[in-house]
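Working notes, beginning with the structure itself.
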Amino acid sequence: MKVLRHLDLPPVWQASIMVVMALLDRFLPLAAPVQGAWRTLGLWIMAAGFLWALAAVLQMMRHHTSPHPHDEPSRLLERGFFALSRNPIYLGMAVLVAGFALWLGSLSPWIGPPAYVALISGRFIRGEEAKLERAFGPAFERYRRRVRRWI
């Protein structure tokens with residue numbers, strides 16, 4: 001169904017996990033070890049994650065390949081952010097989720113970052129890498145051996 005394709009996107013899953021994290025922090029805060037300025041650090045980490053992901057999206061757009069996870073790849077990017085991580089957009093989004101957990105301040109939201117990484121890995125990354133392998137064959141295999149999935 002076309003509507004579901006538009007909703008089955010990493011930012012939608014990210015926002016959903018962040019809502020659950022906020023609810024856990026509000027209604028089941030296991031402990032609140034992070035106070036004051038340390039919580040503010042979470043905002044800076046969120047900003048850094050967002051800017052990292054945005055820069056990777058812009059790099060993809062500059063090279064005329066789609067950042068949409070359901071599209072077929074038209075280019076194999078191996079430079080810039082993609083020389084550091086095979087999934088720099090997802091890495092930035094995961095950093096944003098971790099910053100959000102820090103900003104919330106309690107321990108219970110920390111279930112969010114590993115849940116996000118597991119969900120994105122299973123729901124999107126494996127399929128995207130299969131498409132890249134089909135489209136670029138040996139070039140993608142060399143890239144996969146050289147650059148780690150996350151960092």
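Chain labels A, B, ... are given in the sequence in which chains occur in the structure tokens; within each chain residues are numbered consecutively from 1, and ligands are likewise numbered from 1 in the order shown.
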
Set the distance at 12 Å and use only C-alpha atoms: which residues neighbour Ala55 (chain A) once local chain neighbours fewer than 5 positions away are removed? I'd like the list as number ranges by chain. A: 48-50, 60-62, 67, 80-82, 88-93

With C-alpha atoms kept, could you save the residues just selected as an mmCIF file, in the first residue's frame?
data_model
loop_
_atom_site.group_PDB
_atom_site.id
_atom_site.type_symbol
_atom_site.label_atom_id
_atom_site.label_comp_id
_atom_site.auth_asym_id
_atom_site.auth_seq_id
_atom_site.Cartn_x
_atom_site.Cartn_y
_atom_site.Cartn_z
ATOM 1 C CA ALA A 48 25.272 17.221 16.271
ATOM 2 C CA GLY A 49 23.401 14.050 15.290
ATOM 3 C CA PHE A 50 20.835 16.020 13.318
ATOM 4 C CA MET A 60 23.503 12.077 -1.409
ATOM 5 C CA MET A 61 21.406 14.746 -3.098
ATOM 6 C CA ARG A 62 24.513 16.476 -4.507
ATOM 7 C CA PRO A 67 18.200 9.083 0.448
ATOM 8 C CA GLY A 80 32.873 12.198 2.630
ATOM 9 C CA PHE A 81 30.565 10.924 5.346
ATOM 10 C CA PHE A 82 30.278 7.592 3.527
ATOM 11 C CA PRO A 88 25.980 8.019 8.134
ATOM 12 C CA ILE A 89 22.350 9.161 8.063
ATOM 13 C CA TYR A 90 21.281 6.398 10.442
ATOM 14 C CA LEU A 91 24.360 7.035 12.561
ATOM 15 C CA GLY A 92 23.396 10.697 12.934
ATOM 16 C CA MET A 93 19.836 9.728 13.774
#

Which residues are close to Leu96 (chain A), i.e. within 10 Å by only C-alpha atoms, leaving aside same-chain residues fewer than 6 positions away? Reply as number ranges by chain. A: 14, 18, 42-53, 90, 102, 113

Long-range neighbours of His70 (chain A) as JSON, numbers by chain, 10 Å cut-off, only C-alpha atoms, 5 positions minimum in chain: {"A": [5, 6, 8, 9, 124, 127, 128, 131]}

Return as a PyMOL selection string the full set of residues in region 26-118 of chain A whose backbone-based DSSP assignment is helix (DSSP H, G or I). chain A and resi 26-27+36-62+80-83+88-104+108-118

What would the file look like if the residues just selected were written as an mmCIF file, in the first residue's frame with C-alpha atoms?
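Printed below is result.cif as written:
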data_model
loop_
_atom_site.group_PDB
_atom_site.id
_atom_site.type_symbol
_atom_site.label_atom_id
_atom_site.label_comp_id
_atom_site.auth_asym_id
_atom_site.auth_seq_id
_atom_site.Cartn_x
_atom_site.Cartn_y
_atom_site.Cartn_z
ATOM 1 C CA ARG A 26 7.700 10.706 32.485
ATOM 2 C CA PHE A 27 5.895 7.671 33.877
ATOM 3 C CA GLY A 36 21.676 20.269 35.130
ATOM 4 C CA ALA A 37 24.395 21.009 32.618
ATOM 5 C CA TRP A 38 24.752 17.339 31.697
ATOM 6 C CA ARG A 39 21.184 17.399 30.415
ATOM 7 C CA THR A 40 22.081 20.443 28.305
ATOM 8 C CA LEU A 41 24.867 18.369 26.773
ATOM 9 C CA GLY A 42 22.105 16.111 25.457
ATOM 10 C CA LEU A 43 20.759 19.020 23.393
ATOM 11 C CA TRP A 44 24.186 19.590 21.836
ATOM 12 C CA ILE A 45 24.493 15.879 21.043
ATOM 13 C CA MET A 46 21.026 15.932 19.467
ATOM 14 C CA ALA A 47 22.036 18.928 17.331
ATOM 15 C CA ALA A 48 25.272 17.221 16.271
ATOM 16 C CA GLY A 49 23.401 14.050 15.290
ATOM 17 C CA PHE A 50 20.835 16.020 13.318
ATOM 18 C CA LEU A 51 23.483 18.049 11.478
ATOM 19 C CA TRP A 52 25.529 14.915 10.706
ATOM 20 C CA ALA A 53 22.482 13.165 9.228
ATOM 21 C CA LEU A 54 21.442 16.279 7.303
ATOM 22 C CA ALA A 55 24.922 16.699 5.838
ATOM 23 C CA ALA A 56 24.898 13.056 4.687
ATOM 24 C CA VAL A 57 21.469 13.536 3.064
ATOM 25 C CA LEU A 58 22.751 16.650 1.281
ATOM 26 C CA GLN A 59 25.802 14.707 0.098
ATOM 27 C CA MET A 60 23.503 12.077 -1.409
ATOM 28 C CA MET A 61 21.406 14.746 -3.098
ATOM 29 C CA ARG A 62 24.513 16.476 -4.507
ATOM 30 C CA GLY A 80 32.873 12.198 2.630
ATOM 31 C CA PHE A 81 30.565 10.924 5.346
ATOM 32 C CA PHE A 82 30.278 7.592 3.527
ATOM 33 C CA ALA A 83 34.016 6.988 3.946
ATOM 34 C CA PRO A 88 25.980 8.019 8.134
ATOM 35 C CA ILE A 89 22.350 9.161 8.063
ATOM 36 C CA TYR A 90 21.281 6.398 10.442
ATOM 37 C CA LEU A 91 24.360 7.035 12.561
ATOM 38 C CA GLY A 92 23.396 10.697 12.934
ATOM 39 C CA MET A 93 19.836 9.728 13.774
ATOM 40 C CA ALA A 94 21.068 7.238 16.404
ATOM 41 C CA VAL A 95 23.277 9.940 17.935
ATOM 42 C CA LEU A 96 20.222 12.217 18.066
ATOM 43 C CA VAL A 97 18.255 9.502 19.898
ATOM 44 C CA ALA A 98 21.122 9.053 22.383
ATOM 45 C CA GLY A 99 21.269 12.808 22.960
ATOM 46 C CA PHE A 100 17.540 12.790 23.620
ATOM 47 C CA ALA A 101 17.982 10.044 26.232
ATOM 48 C CA LEU A 102 20.680 12.115 27.934
ATOM 49 C CA TRP A 103 18.529 15.244 27.828
ATOM 50 C CA LEU A 104 15.589 13.413 29.416
ATOM 51 C CA SER A 108 14.561 4.316 31.472
ATOM 52 C CA PRO A 109 14.801 6.159 28.108
ATOM 53 C CA TRP A 110 18.171 4.522 27.437
ATOM 54 C CA ILE A 111 16.309 1.559 26.015
ATOM 55 C CA GLY A 112 15.668 3.807 23.001
ATOM 56 C CA PRO A 113 19.110 4.051 21.353
ATOM 57 C CA PRO A 114 19.768 0.285 21.132
ATOM 58 C CA ALA A 115 16.137 -0.305 20.116
ATOM 59 C CA TYR A 116 16.514 2.262 17.328
ATOM 60 C CA VAL A 117 19.763 0.706 16.081
ATOM 61 C CA ALA A 118 18.266 -2.806 16.118
#

Please report the interatomic distance between CA of Glu133 (chain A) and CA of Leu119 (chain A) in Å with one decimal.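 We find that CA of Glu133 (chain A) and CA of Leu119 (chain A) lie 21.0 Å from each other.
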
I'd like the contact shell of Leu76 (chain A) - 10 Å cut-off, only C-alpha atoms, skipping same-chain residues fewer than 6 positions apart - returned as a PDB file with N, CA and C atoms, in the first residue's frame.
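The new file selection_29.pdb reads:
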ATOM      1  N   MET A  60      24.198  12.976  -0.486  1.00  0.00           N
ATOM      2  CA  MET A  60      23.503  12.077  -1.409  1.00  0.00           C
ATOM      3  C   MET A  60      22.789  12.868  -2.505  1.00  0.00           C
ATOM      4  N   HIS A  63      25.012  14.206  -5.173  1.00  0.00           N
ATOM      5  CA  HIS A  63      25.484  13.163  -6.092  1.00  0.00           C
ATOM      6  C   HIS A  63      24.328  12.466  -6.818  1.00  0.00           C
ATOM      7  N   THR A  65      21.620  10.838  -5.919  1.00  0.00           N
ATOM      8  CA  THR A  65      21.106   9.543  -5.493  1.00  0.00           C
ATOM      9  C   THR A  65      20.123   9.789  -4.357  1.00  0.00           C
ATOM     10  N   PHE A  82      30.393   9.003   3.863  1.00  0.00           N
ATOM     11  CA  PHE A  82      30.278   7.592   3.527  1.00  0.00           C
ATOM     12  C   PHE A  82      31.624   6.872   3.562  1.00  0.00           C
ATOM     13  N   LEU A 132      22.296  -2.470  -2.800  1.00  0.00           N
ATOM     14  CA  LEU A 132      23.609  -1.977  -3.215  1.00  0.00           C
ATOM     15  C   LEU A 132      24.465  -3.107  -3.785  1.00  0.00           C
ATOM     16  N   GLU A 133      24.363  -4.267  -3.175  1.00  0.00           N
ATOM     17  CA  GLU A 133      25.124  -5.418  -3.667  1.00  0.00           C
ATOM     18  C   GLU A 133      24.658  -5.823  -5.073  1.00  0.00           C
ATOM     19  N   ALA A 135      23.173  -3.863  -7.244  1.00  0.00           N
ATOM     20  CA  ALA A 135      23.440  -2.783  -8.200  1.00  0.00           C
ATOM     21  C   ALA A 135      24.927  -2.604  -8.502  1.00  0.00           C
ATOM     22  N   PHE A 136      25.784  -2.813  -7.506  1.00  0.00           N
ATOM     23  CA  PHE A 136      27.197  -2.460  -7.681  1.00  0.00           C
ATOM     24  C   PHE A 136      28.168  -3.615  -7.492  1.00  0.00           C
ATOM     25  N   ALA A 139      32.191  -3.772  -6.459  1.00  0.00           N
ATOM     26  CA  ALA A 139      32.540  -2.453  -5.918  1.00  0.00           C
ATOM     27  C   ALA A 139      31.927  -2.276  -4.533  1.00  0.00           C
ATOM     28  N   PHE A 140      30.682  -2.727  -4.361  1.00  0.00           N
ATOM     29  CA  PHE A 140      30.061  -2.626  -3.038  1.00  0.00           C
ATOM     30  C   PHE A 140      30.747  -3.568  -2.052  1.00  0.00           C
ATOM     31  N   TYR A 143      33.817  -1.932  -0.834  1.00  0.00           N
ATOM     32  CA  TYR A 143      33.414  -0.850   0.076  1.00  0.00           C
ATOM     33  C   TYR A 143      32.990  -1.426   1.426  1.00  0.00           C
TER      34      TYR A 143
END

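Considering only C-alpha atoms, the residue among A:Arg86, A:Ala32, A:Leu24, A:Pro69 positioned nearest to Arg123 (chain A) is A:Pro69.
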
Tell me, in Å to one decimal, how far CA of Leu7 (chain A) is from CA of Ile120 (chain A).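 About the pair CA of Leu7 (chain A) and CA of Ile120 (chain A): they are 14.1 Å apart.
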